[in-house]
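Peer 1: What follows is the file my_file17.txt, containing compact mmCIF, C-alpha atoms:
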# COMPACT_ATOMS: atom_id res chain seq x y z
CA ASP A 1 0.00 0.00 0.00
CA SER A 2 2.80 2.40 0.87
CA THR A 3 4.47 1.67 -2.47
CA LEU A 4 1.26 2.40 -4.36
CA SER A 5 0.81 5.57 -2.33
CA ARG A 6 4.32 6.77 -3.16
CA ARG A 7 3.76 6.01 -6.84
CA GLY A 8 0.48 7.91 -6.77
CA LEU A 9 2.15 10.92 -5.17
CA ALA A 10 5.00 10.78 -7.68
CA PHE A 11 2.57 10.62 -10.59
CA HIS A 12 0.56 13.50 -9.16
CA GLY A 13 3.74 15.55 -8.74
CA LEU A 14 4.86 14.74 -12.27
CA THR A 15 1.47 15.72 -13.72
CA SER A 16 1.43 18.96 -11.72
CA SER A 17 4.95 19.85 -12.88
CA ALA A 18 4.05 19.16 -16.50
CA LEU A 19 0.91 21.26 -16.26
CA MET A 20 2.92 24.11 -14.71
CA LEU A 21 5.37 23.99 -17.62
CA VAL A 22 2.53 24.03 -20.14
CA GLY A 23 1.01 26.99 -18.28
CA LEU A 24 4.39 28.75 -18.33
CA ALA A 25 4.69 28.14 -22.07
CA PHE A 26 1.22 29.55 -22.64
CA ALA A 27 1.91 32.68 -20.57
CA LEU A 28 5.22 33.40 -22.29
CA ARG A 29 3.69 33.01 -25.72
CA LEU A 30 0.62 35.07 -24.89
CA TYR A 31 2.64 38.09 -23.74
CA ARG A 32 2.38 40.93 -26.29
CA LEU A 33 1.04 38.49 -28.88
CA GLY A 34 -0.84 41.06 -30.93
CA SER A 35 1.17 44.17 -30.10
CA VAL A 36 3.26 44.19 -33.29
CA GLU A 37 1.93 44.45 -36.84
CA LEU A 38 2.25 41.49 -39.15
CA TRP A 39 5.60 41.24 -40.87
CA PHE A 40 6.09 40.20 -44.50
CA ASP A 41 5.77 36.41 -44.18
CA GLU A 42 2.80 36.71 -41.83
CA THR A 43 1.13 39.03 -44.30
CA ALA A 44 1.67 36.35 -46.95
CA SER A 45 0.00 33.79 -44.67
CA PHE A 46 -2.98 36.09 -44.23
CA ALA A 47 -3.22 36.83 -47.96
CA VAL A 48 -3.11 33.18 -49.00
CA ALA A 49 -5.40 31.95 -46.20
CA SER A 50 -7.96 34.64 -47.08
CA LYS A 51 -8.64 32.85 -50.35
CA GLY A 52 -11.09 29.97 -50.72
CA TYR A 53 -9.89 26.38 -50.52
CA ARG A 54 -9.82 25.97 -54.30
CA GLU A 55 -8.08 29.31 -54.76
CA ILE A 56 -5.45 28.38 -52.17
CA LEU A 57 -4.74 25.15 -54.00
CA ASP A 58 -4.46 26.92 -57.36
CA TYR A 59 -2.19 29.60 -55.91
CA VAL A 60 0.34 27.27 -54.26
CA ARG A 61 0.44 25.19 -57.44
CA GLN A 62 1.41 28.21 -59.50
CA ALA A 63 3.66 30.13 -57.06
CA SER A 64 7.37 29.44 -57.39
CA ALA A 65 8.33 29.99 -53.74
CA GLU A 66 5.41 28.67 -51.72
CA HIS A 67 4.76 25.97 -49.19
CA PRO A 68 2.22 23.15 -49.64
CA PRO A 69 -1.41 24.06 -48.97
CA PHE A 70 -2.37 22.25 -45.74
CA TYR A 71 -1.30 25.01 -43.33
CA TYR A 72 -3.19 27.58 -45.37
CA PHE A 73 -6.27 25.33 -45.37
CA ALA A 74 -6.08 25.10 -41.57
CA LEU A 75 -5.52 28.84 -41.13
CA HIS A 76 -8.36 29.62 -43.53
CA THR A 77 -10.71 27.46 -41.44
CA TRP A 78 -9.47 29.13 -38.25
CA MET A 79 -10.10 32.59 -39.70
CA LYS A 80 -13.63 31.66 -40.76
CA PHE A 81 -14.63 30.82 -37.20
CA VAL A 82 -12.36 33.01 -35.03
CA GLY A 83 -11.35 36.10 -37.00
CA SER A 84 -8.33 37.62 -38.72
CA SER A 85 -6.71 40.18 -36.40
CA GLU A 86 -2.99 40.01 -35.66
CA PHE A 87 -3.74 38.47 -32.27
CA VAL A 88 -6.13 35.87 -33.68
CA LEU A 89 -3.83 34.83 -36.53
CA ARG A 90 -0.91 34.33 -34.14
CA TYR A 91 -3.07 32.64 -31.51
CA PHE A 92 -3.47 29.70 -33.88
CA SER A 93 0.31 29.21 -33.83
CA LEU A 94 0.33 29.75 -30.07
CA CYS A 95 -2.15 26.91 -29.55
CA LEU A 96 -0.05 24.59 -31.71
CA GLY A 97 3.11 25.67 -29.90
CA VAL A 98 1.66 24.96 -26.46
CA LEU A 99 0.33 21.60 -27.63
CA LEU A 100 3.84 20.86 -28.91
CA ILE A 101 5.22 21.27 -25.37
CA ALA A 102 2.74 18.71 -24.03
CA VAL A 103 3.49 16.23 -26.83
CA LEU A 104 7.24 16.68 -26.38
CA PHE A 105 6.90 15.97 -22.67
CA ARG A 106 4.92 12.80 -23.31
CA PHE A 107 7.35 11.58 -25.95
CA ALA A 108 10.51 12.30 -23.92
CA ARG A 109 9.04 10.82 -20.73
CA ARG A 110 8.11 7.57 -22.47
CA GLU A 111 11.46 7.22 -24.20
CA PHE A 112 13.89 8.56 -21.59
CA GLY A 113 12.13 8.82 -18.24
CA ASN A 114 10.33 11.39 -16.11
CA ALA A 115 13.30 13.67 -15.39
CA ILE A 116 14.26 13.94 -19.07
CA GLY A 117 10.63 14.53 -20.00
CA LEU A 118 10.36 17.47 -17.63
CA GLY A 119 13.74 18.81 -18.72
CA VAL A 120 12.80 18.69 -22.39
CA ALA A 121 9.47 20.39 -21.67
CA LEU A 122 11.22 23.13 -19.68
CA VAL A 123 13.77 23.79 -22.43
CA ALA A 124 11.05 23.83 -25.09
CA ALA A 125 8.79 26.10 -23.02
CA ALA A 126 11.57 28.67 -22.53
CA SER A 127 13.28 28.28 -25.93
CA PRO A 128 13.55 31.68 -27.68
CA PHE A 129 13.21 30.02 -31.07
CA MET A 130 10.06 28.13 -30.17
CA LEU A 131 8.70 31.22 -28.44
CA VAL A 132 9.17 33.33 -31.58
CA TYR A 133 7.60 30.73 -33.83
CA SER A 134 4.63 30.37 -31.47
CA GLN A 135 4.01 34.11 -31.86
CA GLU A 136 4.22 34.08 -35.64
CA ALA A 137 1.40 33.41 -38.09
CA ARG A 138 3.35 30.75 -39.96
CA MET A 139 3.50 26.96 -40.05
CA TYR A 140 6.62 26.53 -37.92
CA THR A 141 4.88 25.17 -34.82
CA LEU A 142 2.69 22.77 -36.78
CA VAL A 143 5.68 21.12 -38.49
CA PRO A 144 7.49 19.98 -35.30
CA LEU A 145 4.19 18.99 -33.69
CA LEU A 146 3.45 16.62 -36.57
CA GLY A 147 7.09 15.54 -36.54
CA ILE A 148 7.00 14.42 -32.91
CA LEU A 149 3.71 12.60 -33.50
CA ALA A 150 5.26 10.88 -36.53
CA MET A 151 8.27 9.70 -34.52
CA GLU A 152 6.06 8.50 -31.66
CA LEU A 153 3.89 6.48 -34.05
CA PHE A 154 6.95 5.17 -35.88
CA LEU A 155 8.57 3.81 -32.72
CA ARG A 156 5.28 2.27 -31.64
CA ALA A 157 4.90 0.59 -35.04
CA VAL A 158 8.46 -0.78 -34.90
CA ARG A 159 8.06 -2.16 -31.39
CA GLN A 160 4.53 -3.52 -31.63
CA GLY A 161 4.24 -4.25 -35.34
CA ARG A 162 0.61 -3.17 -35.56
CA LEU A 163 -0.77 -2.25 -38.96
CA ARG A 164 -3.02 0.47 -37.54
CA ASP A 165 0.02 2.36 -36.21
CA CYS A 166 1.52 2.35 -39.70
CA VAL A 167 -1.77 3.59 -41.18
CA VAL A 168 -2.03 6.46 -38.69
CA LEU A 169 1.67 7.20 -39.24
CA ALA A 170 1.06 7.43 -43.00
CA LEU A 171 -1.75 9.93 -42.42
CA VAL A 172 0.44 12.06 -40.13
CA VAL A 173 3.30 11.99 -42.65
CA ILE A 174 0.96 13.01 -45.47
CA ALA A 175 -0.28 15.88 -43.32
CA GLY A 176 3.29 16.89 -42.50
CA VAL A 177 4.42 16.84 -46.12
CA GLY A 178 1.28 18.81 -46.95
CA VAL A 179 2.48 21.51 -44.56
CA HIS A 180 6.19 21.68 -45.43
CA TYR A 181 8.31 19.89 -48.03
CA TYR A 182 11.20 19.42 -45.58
CA PHE A 183 9.02 17.12 -43.49
CA THR A 184 10.34 14.33 -45.74
CA ILE A 185 13.62 14.57 -43.78
CA ILE A 186 11.86 12.72 -40.96
CA LEU A 187 11.39 9.75 -43.30
CA VAL A 188 15.13 9.72 -43.92
CA GLY A 189 15.76 9.55 -40.18
CA GLN A 190 13.27 6.74 -39.76
CA GLY A 191 14.84 4.81 -42.62
CA LEU A 192 18.33 5.17 -41.10
CA PHE A 193 16.99 3.92 -37.78
CA LEU A 194 15.50 0.84 -39.44
CA LEU A 195 18.77 0.15 -41.28
CA ALA A 196 20.67 0.35 -38.00
CA GLN A 197 18.17 -2.02 -36.39
CA PHE A 198 17.75 -4.25 -39.44
CA GLY A 199 18.87 -7.43 -37.72
CA GLN A 200 16.42 -6.87 -34.86
CA ALA A 201 13.52 -5.26 -36.68
CA ASN A 202 10.41 -7.22 -37.51
CA ARG A 203 10.45 -7.78 -41.28
CA ARG A 204 6.71 -7.33 -41.43
CA THR A 205 7.11 -3.93 -39.74
CA LEU A 206 9.83 -2.99 -42.20
CA GLY A 207 7.58 -3.90 -45.12
CA GLN A 208 4.68 -1.93 -43.66
CA TRP A 209 6.92 1.09 -43.20
CA LEU A 210 8.15 0.89 -46.80
CA VAL A 211 4.55 0.80 -48.02
CA MET A 212 3.74 3.73 -45.75
CA VAL A 213 6.70 5.72 -47.11
CA PHE A 214 5.73 4.94 -50.68
CA ILE A 215 2.32 6.61 -50.32
CA PRO A 216 3.48 10.13 -49.31
CA ILE A 217 6.39 9.94 -51.78
CA VAL A 218 3.96 9.22 -54.62
CA ILE A 219 1.68 12.04 -53.44
CA VAL A 220 4.58 14.51 -53.34
CA ALA A 221 5.83 13.37 -56.75
CA LEU A 222 2.38 13.79 -58.30
CA TRP A 223 1.98 17.18 -56.65
CA LEU A 224 5.32 18.39 -58.02
CA VAL A 225 4.57 17.09 -61.51
CA LEU A 226 1.16 18.77 -61.54
CA SER A 227 2.39 22.01 -59.95
CA PRO A 228 4.39 24.28 -62.28
CA GLY A 229 5.32 26.64 -59.45
CA PRO A 230 7.41 24.29 -57.28
CA MET A 231 8.90 22.67 -60.39
CA LYS A 232 10.56 25.99 -61.27
CA TYR A 233 13.17 25.16 -58.64
CA PHE A 234 14.40 22.21 -60.71
CA PRO A 235 16.75 22.90 -63.64
CA ASN A 236 15.51 22.02 -67.11
Re-express the file's structure as structure tokens.
Peer 2:
Amino acid sequence: DSTLSRRGLAFHGLTSSALMLVGLAFALRLYRLGSVELWFDETASFAVASKGYREILDYVRQASAEHPPFYYFALHTWMKFVGSSEFVLRYFSLCLGVLLIAVLFRFARREFGNAIGLGVALVAAASPFMLVYSQEARMYTLVPLLGILAMELFLRAVRQGRLRDCVVLALVVIAGVGVHYYFTIILVGQGLFLLAQFGQANRRTLGQWLVMVFIPIVIVALWLVLSPGPMKYFPN
């Protein structure tokens, strides 16, 4: 009974500490959130997200220096229901940034223990880079959030070999690639991990992962072929 009591107190303390860090992250990111006018890239986010869904898709297909459309779809939906002031546009990123702290804590605690989990959450909550991106109407809090979720699902799929984890992972990767092209770097890291663990990895899991990777790669390839804007980066 005393052991269970100590574990309960430890869990309660851990949960309280994590909630305090999330609250700290929220407070830091909320401070002066709408006090500065939108800068150039944020203005671009507003301009693109102000279009309709079809117009957003057509624009990012034609523009030579644009990101994929999923972030703009999400911001457009946010603006329809919440508004379009500087504060409101940045609050969307703030929400994603605070959620990122919670997901980072969960991931680090599961992989490395409670102390590391709290340490990672503290560093992320106070990080100047993550603070700036959480106060900016751009996609740079959504990308790492999806990235951590992708790594969490990947490790679960490798260890447990469940098809449903690979399916959900594929959906998260498609969403990530639909937000930023560089999200594909995560697939490279996952592939290197599997190569390093090849002798121990479940072959079925490896095959499922390869199928999962194939789907977003095909989607990206088709998108690039059908989008003259992004293709301008490639030499003739």
Peer 1: Hey, what's within 12 Å of Leu57 in chain A if we count all atoms listed in the file and toss same-chain stuff fewer than 5 positions away? As a VMD selection string, please?
Peer 2: chain A and resid 48 to 49 51 to 52 62 to 63 66 to 73 76 178 223 226 to 227 229
Peer 1: Nearest to Ala175 in chain A among A:Leu145, A:Leu210, A:Ile116, A:Ala196, with distances taken over only C-alpha atoms: which residue is it?
Peer 2: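 Among A:Leu145, A:Leu210, A:Ile116, A:Ala196, it is A:Leu145 that comes nearest to Ala175 in chain A.
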Peer 1: So that I can check the surroundings of Ala150 in chain A, please list as an MDAnalysis selection string every protein, DNA and RNA residue that reaches within 12 Å of it, counting only C-alpha atoms and ignoring chain neighbours fewer than 3 positions away.
Peer 2: chainID A and resid 103:104 107 143:147 153:157 165:177 183:187 189:190 209 212:213
Peer 1: Got time to write the residues from that selection, C-alpha atoms, as a tab-separated table (two decimals), in the frame of the given file?
Peer 2:
chain	number	residue	atom	x	y	z
A	103	VAL	CA	3.49	16.23	-26.83
A	104	LEU	CA	7.24	16.68	-26.38
A	107	PHE	CA	7.35	11.58	-25.95
A	143	VAL	CA	5.68	21.12	-38.49
A	144	PRO	CA	7.49	19.98	-35.30
A	145	LEU	CA	4.19	18.99	-33.69
A	146	LEU	CA	3.45	16.62	-36.57
A	147	GLY	CA	7.09	15.54	-36.54
A	153	LEU	CA	3.89	6.48	-34.05
A	154	PHE	CA	6.95	5.17	-35.88
A	155	LEU	CA	8.57	3.81	-32.72
A	156	ARG	CA	5.28	2.27	-31.64
A	157	ALA	CA	4.90	0.59	-35.04
A	165	ASP	CA	0.02	2.36	-36.21
A	166	CYS	CA	1.52	2.35	-39.70
A	167	VAL	CA	-1.77	3.59	-41.18
A	168	VAL	CA	-2.03	6.46	-38.69
A	169	LEU	CA	1.67	7.20	-39.24
A	170	ALA	CA	1.06	7.43	-43.00
A	171	LEU	CA	-1.75	9.93	-42.42
A	172	VAL	CA	0.44	12.06	-40.13
A	173	VAL	CA	3.30	11.99	-42.65
A	174	ILE	CA	0.96	13.01	-45.47
A	175	ALA	CA	-0.28	15.88	-43.32
A	176	GLY	CA	3.29	16.89	-42.50
A	177	VAL	CA	4.42	16.84	-46.12
A	183	PHE	CA	9.02	17.12	-43.49
A	184	THR	CA	10.34	14.33	-45.74
A	185	ILE	CA	13.62	14.57	-43.78
A	186	ILE	CA	11.86	12.72	-40.96
A	187	LEU	CA	11.39	9.75	-43.30
A	189	GLY	CA	15.76	9.55	-40.18
A	190	GLN	CA	13.27	6.74	-39.76
A	209	TRP	CA	6.92	1.09	-43.20
A	212	MET	CA	3.74	3.73	-45.75
A	213	VAL	CA	6.70	5.72	-47.11
Peer 1: For a test of reading the model, state the distance in Å between CA of Gln208 in chain A and CA of Glu111 in chain A, rounded to one decimal.
Peer 2: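 Computing the Euclidean distance for CA of Gln208 in chain A and CA of Glu111 in chain A yields 22.5 Å.
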Peer 1: To one decimal place in Å, what is the distance between CA of Arg90 in chain A and CA of Ile56 in chain A?
Peer 2: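 Separating CA of Arg90 in chain A from CA of Ile56 in chain A is a distance of 19.5 Å.
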Peer 1: As a PDB file, in the frame of the given file, could you write out range 160-171 of chain A once it has been completed with all heavy atoms?
Peer 2:
ATOM      1  N   GLN A 160       5.715  -2.691 -31.782  1.00  0.00           N
ATOM      2  CA  GLN A 160       4.530  -3.520 -31.630  1.00  0.00           C
ATOM      3  C   GLN A 160       4.073  -4.172 -32.930  1.00  0.00           C
ATOM      4  O   GLN A 160       3.303  -5.128 -32.907  1.00  0.00           O
ATOM      5  CB  GLN A 160       3.392  -2.692 -31.023  1.00  0.00           C
ATOM      6  CG  GLN A 160       3.750  -2.112 -29.660  1.00  0.00           C
ATOM      7  CD  GLN A 160       2.622  -1.300 -29.055  1.00  0.00           C
ATOM      8  OE1 GLN A 160       1.481  -1.341 -29.523  1.00  0.00           O
ATOM      9  NE2 GLN A 160       2.926  -0.548 -28.010  1.00  0.00           N
ATOM     10  N   GLY A 161       4.543  -3.628 -34.065  1.00  0.00           N
ATOM     11  CA  GLY A 161       4.240  -4.250 -35.340  1.00  0.00           C
ATOM     12  C   GLY A 161       2.786  -4.216 -35.747  1.00  0.00           C
ATOM     13  O   GLY A 161       2.336  -5.094 -36.495  1.00  0.00           O
ATOM     14  N   ARG A 162       2.043  -3.228 -35.249  1.00  0.00           N
ATOM     15  CA  ARG A 162       0.610  -3.170 -35.560  1.00  0.00           C
ATOM     16  C   ARG A 162       0.373  -2.370 -36.839  1.00  0.00           C
ATOM     17  O   ARG A 162       0.931  -1.285 -37.013  1.00  0.00           O
ATOM     18  CB  ARG A 162      -0.165  -2.559 -34.405  1.00  0.00           C
ATOM     19  CG  ARG A 162      -0.136  -3.413 -33.139  1.00  0.00           C
ATOM     20  CD  ARG A 162      -1.013  -2.842 -32.054  1.00  0.00           C
ATOM     21  NE  ARG A 162      -0.645  -1.475 -31.712  1.00  0.00           N
ATOM     22  CZ  ARG A 162      -1.135  -0.824 -30.658  1.00  0.00           C
ATOM     23  NH1 ARG A 162      -2.034  -1.400 -29.871  1.00  0.00           N
ATOM     24  NH2 ARG A 162      -0.756   0.410 -30.398  1.00  0.00           N
ATOM     25  N   LEU A 163      -0.473  -2.902 -37.694  1.00  0.00           N
ATOM     26  CA  LEU A 163      -0.770  -2.250 -38.960  1.00  0.00           C
ATOM     27  C   LEU A 163      -1.429  -0.887 -38.747  1.00  0.00           C
ATOM     28  O   LEU A 163      -1.144   0.064 -39.471  1.00  0.00           O
ATOM     29  CB  LEU A 163      -1.674  -3.140 -39.813  1.00  0.00           C
ATOM     30  CG  LEU A 163      -2.127  -2.562 -41.161  1.00  0.00           C
ATOM     31  CD1 LEU A 163      -0.933  -2.252 -42.043  1.00  0.00           C
ATOM     32  CD2 LEU A 163      -3.083  -3.521 -41.848  1.00  0.00           C
ATOM     33  N   ARG A 164      -2.296  -0.785 -37.747  1.00  0.00           N
ATOM     34  CA  ARG A 164      -3.020   0.470 -37.540  1.00  0.00           C
ATOM     35  C   ARG A 164      -2.080   1.618 -37.203  1.00  0.00           C
ATOM     36  O   ARG A 164      -2.330   2.767 -37.584  1.00  0.00           O
ATOM     37  CB  ARG A 164      -4.074   0.313 -36.452  1.00  0.00           C
ATOM     38  CG  ARG A 164      -3.530   0.098 -35.041  1.00  0.00           C
ATOM     39  CD  ARG A 164      -4.663  -0.044 -34.051  1.00  0.00           C
ATOM     40  NE  ARG A 164      -4.168  -0.171 -32.686  1.00  0.00           N
ATOM     41  CZ  ARG A 164      -4.962  -0.374 -31.646  1.00  0.00           C
ATOM     42  NH1 ARG A 164      -6.271  -0.489 -31.826  1.00  0.00           N
ATOM     43  NH2 ARG A 164      -4.452  -0.474 -30.428  1.00  0.00           N
ATOM     44  N   ASP A 165      -0.961   1.312 -36.500  1.00  0.00           N
ATOM     45  CA  ASP A 165       0.020   2.360 -36.210  1.00  0.00           C
ATOM     46  C   ASP A 165       0.666   2.864 -37.494  1.00  0.00           C
ATOM     47  O   ASP A 165       0.920   4.060 -37.650  1.00  0.00           O
ATOM     48  CB  ASP A 165       1.081   1.848 -35.246  1.00  0.00           C
ATOM     49  CG  ASP A 165       0.534   1.612 -33.846  1.00  0.00           C
ATOM     50  OD1 ASP A 165      -0.382   2.358 -33.439  1.00  0.00           O
ATOM     51  OD2 ASP A 165       1.015   0.700 -33.162  1.00  0.00           O
ATOM     52  N   CYS A 166       0.941   1.943 -38.418  1.00  0.00           N
ATOM     53  CA  CYS A 166       1.520   2.350 -39.700  1.00  0.00           C
ATOM     54  C   CYS A 166       0.532   3.178 -40.517  1.00  0.00           C
ATOM     55  O   CYS A 166       0.921   4.131 -41.198  1.00  0.00           O
ATOM     56  CB  CYS A 166       1.945   1.116 -40.500  1.00  0.00           C
ATOM     57  SG  CYS A 166       3.431   0.312 -39.885  1.00  0.00           S
ATOM     58  N   VAL A 167      -0.749   2.831 -40.449  1.00  0.00           N
ATOM     59  CA  VAL A 167      -1.770   3.590 -41.180  1.00  0.00           C
ATOM     60  C   VAL A 167      -1.885   4.999 -40.633  1.00  0.00           C
ATOM     61  O   VAL A 167      -1.893   5.982 -41.396  1.00  0.00           O
ATOM     62  CB  VAL A 167      -3.135   2.862 -41.100  1.00  0.00           C
ATOM     63  CG1 VAL A 167      -4.239   3.744 -41.682  1.00  0.00           C
ATOM     64  CG2 VAL A 167      -3.077   1.530 -41.834  1.00  0.00           C
ATOM     65  N   VAL A 168      -1.946   5.123 -39.303  1.00  0.00           N
ATOM     66  CA  VAL A 168      -2.030   6.460 -38.690  1.00  0.00           C
ATOM     67  C   VAL A 168      -0.749   7.238 -38.981  1.00  0.00           C
ATOM     68  O   VAL A 168      -0.782   8.447 -39.257  1.00  0.00           O
ATOM     69  CB  VAL A 168      -2.279   6.350 -37.178  1.00  0.00           C
ATOM     70  CG1 VAL A 168      -2.303   7.742 -36.540  1.00  0.00           C
ATOM     71  CG2 VAL A 168      -3.590   5.629 -36.901  1.00  0.00           C
ATOM     72  N   LEU A 169       0.398   6.553 -38.920  1.00  0.00           N
ATOM     73  CA  LEU A 169       1.670   7.200 -39.240  1.00  0.00           C
ATOM     74  C   LEU A 169       1.660   7.747 -40.662  1.00  0.00           C
ATOM     75  O   LEU A 169       2.112   8.871 -40.915  1.00  0.00           O
ATOM     76  CB  LEU A 169       2.817   6.210 -39.063  1.00  0.00           C
ATOM     77  CG  LEU A 169       4.211   6.677 -39.493  1.00  0.00           C
ATOM     78  CD1 LEU A 169       4.625   7.926 -38.729  1.00  0.00           C
ATOM     79  CD2 LEU A 169       5.232   5.558 -39.283  1.00  0.00           C
ATOM     80  N   ALA A 170       1.134   6.965 -41.602  1.00  0.00           N
ATOM     81  CA  ALA A 170       1.060   7.430 -43.000  1.00  0.00           C
ATOM     82  C   ALA A 170       0.217   8.690 -43.108  1.00  0.00           C
ATOM     83  O   ALA A 170       0.578   9.630 -43.836  1.00  0.00           O
ATOM     84  CB  ALA A 170       0.481   6.330 -43.878  1.00  0.00           C
ATOM     85  N   LEU A 171      -0.881   8.751 -42.377  1.00  0.00           N
ATOM     86  CA  LEU A 171      -1.750   9.930 -42.420  1.00  0.00           C
ATOM     87  C   LEU A 171      -1.029  11.150 -41.836  1.00  0.00           C
ATOM     88  O   LEU A 171      -1.133  12.260 -42.376  1.00  0.00           O
ATOM     89  CB  LEU A 171      -3.044   9.657 -41.642  1.00  0.00           C
ATOM     90  CG  LEU A 171      -3.962   8.581 -42.230  1.00  0.00           C
ATOM     91  CD1 LEU A 171      -5.148   8.333 -41.308  1.00  0.00           C
ATOM     92  CD2 LEU A 171      -4.450   8.987 -43.621  1.00  0.00           C
TER      93      LEU A 171
END
